[in-house]
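For reference, model-v9.pdb is printed below; it contains PDB, C-alpha atoms.
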```pdb
MODEL        1
ATOM      1  CA  MET A   1       0.000   0.000   0.000  1.00  0.00           C
ATOM      2  CA  LYS A   2       1.338   3.421  -0.954  1.00  0.00           C
ATOM      3  CA  HIS A   3       1.833   6.133   1.603  1.00  0.00           C
ATOM      4  CA  LYS A   4      -0.820   8.861   1.428  1.00  0.00           C
ATOM      5  CA  TYR A   5       1.714  11.458   0.205  1.00  0.00           C
ATOM      6  CA  PHE A   6       2.774   9.304  -2.722  1.00  0.00           C
ATOM      7  CA  LYS A   7      -0.792   8.371  -3.559  1.00  0.00           C
ATOM      8  CA  ASN A   8      -2.062  11.894  -4.115  1.00  0.00           C
ATOM      9  CA  GLY A   9       1.094  13.176  -5.818  1.00  0.00           C
ATOM     10  CA  PHE A  10       2.040  15.633  -3.053  1.00  0.00           C
ATOM     11  CA  PHE A  11       5.546  14.187  -2.811  1.00  0.00           C
ATOM     12  CA  TYR A  12       6.224  14.630  -6.523  1.00  0.00           C
ATOM     13  CA  ILE A  13       4.904  18.185  -6.535  1.00  0.00           C
ATOM     14  CA  PHE A  14       7.095  18.963  -3.513  1.00  0.00           C
ATOM     15  CA  VAL A  15      10.188  17.520  -5.237  1.00  0.00           C
ATOM     16  CA  ALA A  16       9.446  19.515  -8.402  1.00  0.00           C
ATOM     17  CA  LEU A  17       9.025  22.742  -6.404  1.00  0.00           C
ATOM     18  CA  ALA A  18      12.221  22.062  -4.450  1.00  0.00           C
ATOM     19  CA  ILE A  19      14.174  21.565  -7.681  1.00  0.00           C
ATOM     20  CA  MET A  20      12.712  24.766  -9.145  1.00  0.00           C
ATOM     21  CA  ALA A  21      13.647  26.687  -5.989  1.00  0.00           C
ATOM     22  CA  LEU A  22      17.193  25.304  -6.130  1.00  0.00           C
ATOM     23  CA  LEU A  23      17.513  26.279  -9.797  1.00  0.00           C
ATOM     24  CA  PHE A  24      16.159  29.763  -9.146  1.00  0.00           C
ATOM     25  CA  PHE A  25      18.504  30.289  -6.194  1.00  0.00           C
ATOM     26  CA  SER A  26      21.623  29.030  -7.959  1.00  0.00           C
ATOM     27  CA  SER A  27      20.805  30.920 -11.170  1.00  0.00           C
ATOM     28  CA  SER A  28      20.562  34.191  -9.268  1.00  0.00           C
ATOM     29  CA  GLN A  29      24.126  33.895  -7.970  1.00  0.00           C
ATOM     30  CA  THR A  30      27.311  34.978  -9.732  1.00  0.00           C
ATOM     31  CA  TYR A  31      30.119  32.544 -10.455  1.00  0.00           C
ATOM     32  CA  GLU A  32      32.160  34.097  -7.646  1.00  0.00           C
ATOM     33  CA  GLN A  33      29.359  33.337  -5.177  1.00  0.00           C
ATOM     34  CA  GLN A  34      29.028  29.731  -6.392  1.00  0.00           C
ATOM     35  CA  THR A  35      32.637  28.738  -6.933  1.00  0.00           C
ATOM     36  CA  THR A  36      33.893  25.641  -5.162  1.00  0.00           C
ATOM     37  CA  VAL A  37      37.544  26.222  -6.075  1.00  0.00           C
ATOM     38  CA  PRO A  38      38.669  27.252  -2.538  1.00  0.00           C
ATOM     39  CA  LEU A  39      36.998  24.174  -1.061  1.00  0.00           C
ATOM     40  CA  LEU A  40      38.486  21.908  -3.731  1.00  0.00           C
ATOM     41  CA  GLU A  41      41.947  23.348  -3.095  1.00  0.00           C
ATOM     42  CA  LYS A  42      41.610  22.414   0.589  1.00  0.00           C
ATOM     43  CA  LEU A  43      40.085  18.976   0.020  1.00  0.00           C
ATOM     44  CA  LEU A  44      42.323  17.968  -2.891  1.00  0.00           C
ATOM     45  CA  LYS A  45      45.690  19.332  -1.730  1.00  0.00           C
ATOM     46  CA  SER A  46      47.472  16.223  -2.985  1.00  0.00           C
ATOM     47  CA  GLN A  47      45.844  16.672  -6.417  1.00  0.00           C
ATOM     48  CA  PRO A  48      44.879  13.013  -6.935  1.00  0.00           C
ATOM     49  CA  PHE A  49      44.982  11.701 -10.504  1.00  0.00           C
ATOM     50  CA  LYS A  50      46.643  14.925 -11.711  1.00  0.00           C
ATOM     51  CA  SER A  51      48.970  13.022 -14.048  1.00  0.00           C
ATOM     52  CA  ASP A  52      45.939  11.371 -15.674  1.00  0.00           C
ATOM     53  CA  PHE A  53      43.942  14.607 -15.879  1.00  0.00           C
ATOM     54  CA  GLU A  54      46.863  16.404 -17.522  1.00  0.00           C
ATOM     55  CA  LYS A  55      46.319  14.186 -20.569  1.00  0.00           C
ATOM     56  CA  VAL A  56      42.767  15.524 -21.017  1.00  0.00           C
ATOM     57  CA  SER A  57      42.301  18.593 -23.176  1.00  0.00           C
ATOM     58  CA  PHE A  58      39.383  19.744 -25.319  1.00  0.00           C
ATOM     59  CA  LEU A  59      37.572  22.831 -26.542  1.00  0.00           C
ATOM     60  CA  TYR A  60      34.301  23.828 -24.901  1.00  0.00           C
ATOM     61  CA  ALA A  61      32.458  26.946 -26.090  1.00  0.00           C
ATOM     62  CA  GLY A  62      35.690  28.222 -27.634  1.00  0.00           C
ATOM     63  CA  SER A  63      37.754  27.752 -24.461  1.00  0.00           C
ATOM     64  CA  ASN A  64      40.488  25.231 -23.845  1.00  0.00           C
ATOM     65  CA  ILE A  65      39.534  22.933 -20.986  1.00  0.00           C
ATOM     66  CA  SER A  66      42.651  21.379 -19.492  1.00  0.00           C
ATOM     67  CA  VAL A  67      44.676  21.347 -16.294  1.00  0.00           C
ATOM     68  CA  ALA A  68      47.329  23.459 -18.008  1.00  0.00           C
ATOM     69  CA  ALA A  69      44.820  26.135 -19.048  1.00  0.00           C
ATOM     70  CA  LEU A  70      42.600  26.235 -15.953  1.00  0.00           C
ATOM     71  CA  GLY A  71      44.629  24.802 -13.124  1.00  0.00           C
ATOM     72  CA  TYR A  72      43.820  21.615 -11.271  1.00  0.00           C
ATOM     73  CA  SER A  73      40.957  22.866  -9.066  1.00  0.00           C
ATOM     74  CA  LYS A  74      39.137  24.774 -11.802  1.00  0.00           C
ATOM     75  CA  PHE A  75      39.465  21.765 -14.097  1.00  0.00           C
ATOM     76  CA  ILE A  76      37.815  19.543 -11.463  1.00  0.00           C
ATOM     77  CA  GLU A  77      35.177  22.197 -10.779  1.00  0.00           C
ATOM     78  CA  PHE A  78      34.292  22.296 -14.490  1.00  0.00           C
ATOM     79  CA  PHE A  79      33.270  18.626 -14.387  1.00  0.00           C
ATOM     80  CA  ILE A  80      31.458  18.993 -11.060  1.00  0.00           C
ATOM     81  CA  ARG A  81      29.424  21.931 -12.410  1.00  0.00           C
ATOM     82  CA  LYS A  82      28.608  20.186 -15.695  1.00  0.00           C
ATOM     83  CA  SER A  83      27.584  17.030 -13.820  1.00  0.00           C
ATOM     84  CA  ALA A  84      25.370  19.103 -11.514  1.00  0.00           C
ATOM     85  CA  HIS A  85      23.720  20.802 -14.500  1.00  0.00           C
ATOM     86  CA  PHE A  86      23.097  17.485 -16.199  1.00  0.00           C
ATOM     87  CA  GLY A  87      21.807  15.842 -13.023  1.00  0.00           C
ATOM     88  CA  ILE A  88      19.434  18.573 -11.926  1.00  0.00           C
ATOM     89  CA  TYR A  89      17.947  19.042 -15.377  1.00  0.00           C
ATOM     90  CA  PHE A  90      17.673  15.272 -15.752  1.00  0.00           C
ATOM     91  CA  LEU A  91      15.502  15.198 -12.642  1.00  0.00           C
TER      92      LEU A  91
ENDMDL
END
```
How would this structure read if it were set down as structure tokens?
Amino acid sequence: MKHKYFKNGFFYIFVALAIMALLFFSSSQTYEQQTTVPLLEKLLKSQPFKSDFEKVSFLYAGSNISVAALGYSKFIEFFIRKSAHFGIYFL
């Protein structure tokens, strides 16, 4: 038997509204307010897999995306941000 919140769709409406609120909030912030680079620099001081990541380089929207061009933390942040965009819009 389904819980009463699942049965009447309240849960799904709540999830949809929560996602919309998250998108609205994050879209209203500048990059400087959202950046995770300082946190990544603290958490990834040893720069794991740097030698592997240095082999990755590609163009995205006319910009070179690589460790050499962006630095280690910004390179990692690029993939975190793109994964977050994909994930939240997928939901």
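Near stretch 48-51 of chain A, within 12 Å and counting only C-alpha atoms, sit A:Leu40, A:Glu41, A:Leu43, A:Val56, A:Ser66, A:Val67, A:Ala68, A:Gly71, A:Tyr72, A:Ser73, A:Phe75, A:Ile76; same-chain residues fewer than 5 positions away were not included.
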>> If we count only C-alpha atoms and set the cut-off at 12 Å, which residues sit around A:Ile80, ignoring sequence neighbours fewer than 5 positions away in its own chain? Please answer as a PyMOL selection string.
In response: chain A and resi 34-37+40+73-75+85-87
Residues from last step as file, C-alpha atoms, as a CSV table (one decimal), in the coordinates of the input:
```csv
chain,number,residue,atom,x,y,z
A,34,GLN,CA,29.0,29.7,-6.4
A,35,THR,CA,32.6,28.7,-6.9
A,36,THR,CA,33.9,25.6,-5.2
A,37,VAL,CA,37.5,26.2,-6.1
A,40,LEU,CA,38.5,21.9,-3.7
A,73,SER,CA,41.0,22.9,-9.1
A,74,LYS,CA,39.1,24.8,-11.8
A,75,PHE,CA,39.5,21.8,-14.1
A,85,HIS,CA,23.7,20.8,-14.5
A,86,PHE,CA,23.1,17.5,-16.2
A,87,GLY,CA,21.8,15.8,-13.0
```
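From atom CA of A:Phe79 back to atom CA of A:Ile65, the distance works out to 10.1 Å.
With distances restricted to all atoms listed in the file, A:Tyr89 is the closest residue to A:Leu23 from A:Phe78, A:Phe11, A:Phe58, A:Tyr89.
The interatomic distance for the pair atom CA of A:Lys42 and atom CA of A:Gln29 works out to 22.6 Å.
Considering the residues A:Ala16, A:Asp52, A:Phe24, A:Ser57 and counting only C-alpha atoms, A:Phe90 has its shortest atom-to-atom contact with A:Ala16.
We find atom CA of A:Arg81 and atom CA of A:Tyr12 to be spaced 25.0 Å apart.
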Quick one: 3 Å padding each side, axis-aligned, all listed atoms of stretch 41-55 of chain A - centre and edge lengths in Å to one decimal, as AutoDock Vina command-line options?
```
--center_x 44.5 --center_y 17.4 --center_z -10.0 --size_x 14.9 --size_y 18.0 --size_z 27.2
```
> Restricting the calculation to only C-alpha atoms, which member of A:Leu39, A:Ala61, A:Ile88, A:Leu70 is positioned closest to A:Val15?
Replying inline: A:Ile88
